[in-house]
Amino acid sequence: MSATPVHGTWEPEPAARWEDAFLSGNGHHGVLVSGDPDADRVIVTHHTLVRPDGDDGHRRPPALAAGLTALQDRLLAGDATAAEDFTDGRPLQWVRPFHPAFQLRLNRPPGDDTHHPHDTRRSHAPYRRAVDFTTGETTAARGDWTSRVFVSRADDVIVQRVTAPRLTLDLSLDPRLPGAPAGLRIGHGAVLAPEGALLTLRARYPGSDLAYTGVTLVAVTGGTVRLVPPGVLVEGATEVLLLTRVRRHTGELDTVAESRALRDLLDGTSHAAPYDGLLARHLTRHRTAYDRVTLDLAADPAERALPGSELLARPGGPALLERLFAAGRYHLLSASGLLPPRLTGLWTGDWNTAWSGAFTTNANLNLQTASAAAAALPEVTEAHAALVHRQLPDWRDNAREIFGTRGVVAPSHTDGECGHTHHFSREYPLHLWTAGADWLLKPLVDHDETRDAHDPRTTAALAEAALFYEDFLHRTDEHGHLAVVPSYSPENRPANASWGTLNAAMDLSAARHALLTAADRHPEHADRWRALADRLPTHRVNDDGALAEWAWPGLTDTYDHRHLSHLYGVWPLEEINPYDTPDLAEAAHRALELRGAENDSAHGHLHHALVAARLRDGDRVAHALGRVLDGDYFHASLMSAHYPHRDVYNADAAHALPAVLIEMLVQSTPGRLVLLPALPASCPQGELRGVRTRFGAVLDLTWRPDGSATAVLRPDRTRRIELRTPSGAEPLDLVAGEDRAISVPAR
């Protein structure tokens with residue numbers, strides 16, 4: 001039995017569905033591993049694999065700026081449906097869909113091992129499939145057969161080693177995955193090589209010069225290799241080592257150069273154990289990142305020993321939360337590198353991925369990466385920053401073409417390449433959403449605060465967000481306050497108006513935050529931008545005592561909705577909180593009480609939990625978590641689904657859950673630390689180690705059933721902060737390099 005939390009998961013059977021396959025990734029390449037000893041399948045993915053649609057013109061933002069003033073006039077005059085005409089008439093255009101590359105097929109004929117061909121003992125030998133979060137390795141074993149797979153963060157290569165006495169394997173690269181287009185032009189290659197063989201698969205998209213090519217070097221020990229198109233047959237081996245990469249390209253890929261690069265990896269390791277050498281290089285990056293933060297909820301060792309599927313079947317205990325916290329950090333790290341996680345992380349086994357497997361930026365992306373700063377995963381924030389900064393030129397086009405302004409406007413959907421706003425329709429007028437730049441820059445600001453250094457790229461982008469508002473905010477209400485018009489609250493509408501309207505709470509919070517944050521970093525513009533922020537109206541409290549989703553008088557709230565965009569000021573901002581703005585916090589809490597779950601989207605439940613934690617409502621946090629844990633949202637892989645009963649593979653719940661667990665235990669701003677703000681009764685004791693705070697300290701927290709707790713801070717800055725605990729508030733002086741212990745008395 002384990003005396004410490006489990007940093008991995010396991011199953012007693014191979015994965016029968018790709019959704020249950022164990023995952024590994026390095027933020028560029030990903031794999032889904034079924035672990036079948038007789039017919040193993042390793043699905044290969046890569047962040048760059050999005051299917052071209054051959055219609056670049058429709059991926060431009062709509063040229064609507066000339067009509068903006070007329071639209072504003074109509075909305076301000078009370079025309080509730082005016083924004084429905086603010087379009088160039090195009091149909092809804094999804095972003096280009098993310099898709100898998102191919103699957104590595106490893107077939108063993110019956111009787112391949114030390115047993116006689118007619119001996120049935122092989123099929124009855126003990127089987128175990130596992131993934132180790134600390135190493136990123138998936139393993140599967142039955143009898144003398146073992147397969148190990150990982151994706152190297154050091155060498156950007158998929159590595160698989162299969163061992164068995166007298167191993168016979170039929171190897172091939174197979175593009176036949178669900179939804180693969182019939183017009184995909186496939187070219188196979190298989191040649192013998194000194195190590196064993198080289199397999200290639202080139203897939204060219206229909207009607208495009210774009211293609212992707214997979215290259216697999218097959219290194220064989222102790223056996224023979226012969227060509228059996230489209231792959232090879234390995235016979236009598238003791239070990240087969242596979243190194244795989246995927247490249248997206250135009251024209252033809254130089255597969256000779258690619259194979260040479262794979263051979264160089266083998267030459268750079270110990271010839272006695274190349275797998276171990278490659279793994280060791282990978283671990284210096286992966287394990288270092290994964291081990292920074294751990295959560296121990298004092299779970300029963302017997303429950304900790306259970307397979308993940310059995311643990312999911314008994315969702316009430318802390319062992320499941322421990323494992324999902326560990327799995328969430330592991331999957332989030334594994335999906336982040338070249339880009340942050342998509343709606344499906346870095347993985348899919350189907351070309352028809354829901355919602356194009358895109359980055360949905362108006363909620364999902366930020367929810368998935370919500371733990372990055374506190375859970376000490378700068379790798380995730382750096383991937384998020386790469387997406388943002390790469391797309392800034394497109395964001396400038398959005399601002400200019402749609403609103404006629406300087407600065408930047410972010411899209412609600414992107415495939416990772418194109419940042420133009422082109423996904424919108426009458427019921428989803430996402431081109432009207434102006435809060436996106438601030439929403440997407442907020443995690444980068446948090447990251448800068450944890451390390452006490454300003455990334456100059458973020459500082460420059462904040463200025464562009466402020467410039468947009470400087471040009472855009474020039475209409476006023478009857479009281480002289482600036483009006484955000486048009487305004488949009490993703491993805492909701494007032495009960496008595498259309499989707500495009502005025503003064504959405506999220507837009508007000510975003511404009512205020514963007515202007516004030518940019519002012520802090522740009523003293524030469526600070527007075528002008530702060531003055532503009534001061535002219536924005538305050539939030540409105542409606543007749544139900546709730547923070548209104550639209551601050552414009554007369555607009556009626558629609559409560560039953562999956563999004564909580566109007567509570568942006570509570571989370572992730574600190575604009576509304578129980579300490580500085582108690583009346584608004586009470587109104588926000590009332591809004592949370594009235595909010596429905598609509599279609600039970602996982603992201604809605606966990607967004608609810610994050611807001612509840614900021615408002616110190618542990619019971620509501622527990623209820624939101626319970627909706628997800630009891631709703632059968634998690635596959636055996638511990639990757640999640642978008643809807644209950646494992647409907648639609650989606651990473652929102654898996655990646656956001658660690659943030660919820662941290663926020664209910666520890667919250668920080670540059671000037672405040674809050675301990676145990678929303679601890680559910682279901683987690684009476686535990687230990688959270690390694691959390692990063694935004695005032696520059698690493699924190700370890702231990703709490704006990706009697707309500708007492710101990711925290712140890714290891715600050716790297718000298719400063720005074722406010723400490724908030726269940727016992728009250730007090731100032732706390734921290735000295736760089738000096739550990740500081742904090743005691744919270746029992747209730």
# chains A, B, ... in the order shown; residues from 1 in each chain; ligands from 1
>>> closest_atom_pairs(of="segment 22-86 of chain A", to="segment 379-387 of chain A", cutoff="12 Å", atoms="only C-alpha atoms", output="tab-separated table")
residue	atom	partner	partner_atom	distance
A:Asn26	CA	A:Glu379	CA	10.4
A:Gly27	CA	A:Ala383	CA	8.2
A:His28	CA	A:Ala383	CA	10.4
A:His47	CA	A:Ala383	CA	11.5
>>> write_last_selection(atoms="C-alpha atoms", output="PDB file, in the first residue's frame")
ATOM      1  CA  ASN A  26       5.849  17.085 -24.794  1.00  0.00           C
ATOM      2  CA  GLY A  27       3.761  20.038 -25.978  1.00  0.00           C
ATOM      3  CA  HIS A  28       4.652  19.279 -29.614  1.00  0.00           C
ATOM      4  CA  HIS A  47      -0.010  20.488 -32.330  1.00  0.00           C
TER       5      HIS A  47
END
>>> residues_around(residues="Ala63 of chain A", least_positions_apart="3", cutoff="8 Å", atoms="only C-alpha atoms", output="list in words")
Ala66, Asp88, Glu401 and Ile402 of chain A
>>> residues_around(residues="segment 295-301 of chain A", least_positions_apart="2", cutoff="6 Å", atoms="only C-alpha atoms", output="list in words")
Met1, Ser2, Pro5, Glu303, Arg304, Pro318, Ala319, Gly686, Glu687 and Leu688 of chain A
>>> residues_around(residues="Arg704 of chain A", least_positions_apart="4", cutoff="10 Å", atoms="only C-alpha atoms", output="tab-separated table (two decimals) with N, CA and C atoms, in the first residue's frame")
chain	number	residue	atom	x	y	z
A	683	CYS	N	-12.65	17.46	2.48
A	683	CYS	CA	-11.17	17.46	2.53
A	683	CYS	C	-10.72	17.96	3.89
A	684	PRO	N	-10.94	17.20	4.96
A	684	PRO	CA	-10.68	17.71	6.31
A	684	PRO	C	-9.21	17.87	6.65
A	685	GLN	N	-8.33	17.18	5.93
A	685	GLN	CA	-6.91	17.29	6.24
A	685	GLN	C	-6.10	17.05	4.98
A	686	GLY	N	-4.87	17.56	5.02
A	686	GLY	CA	-4.01	17.35	3.87
A	686	GLY	C	-2.80	18.25	3.88
A	687	GLU	N	-2.05	18.16	2.80
A	687	GLU	CA	-0.83	18.94	2.65
A	687	GLU	C	-0.67	19.33	1.18
A	708	SER	N	-7.13	23.59	12.47
A	708	SER	CA	-5.81	24.23	12.57
A	708	SER	C	-5.01	23.97	11.30
A	709	ALA	N	-4.04	24.83	11.09
A	709	ALA	CA	-3.21	24.71	9.89
A	709	ALA	C	-1.86	25.36	10.14
A	710	THR	N	-0.89	24.93	9.36
A	710	THR	CA	0.45	25.51	9.39
A	710	THR	C	0.88	25.77	7.96
A	746	ALA	N	-6.94	26.14	15.87
A	746	ALA	CA	-8.10	25.27	15.68
A	746	ALA	C	-9.37	26.08	15.85
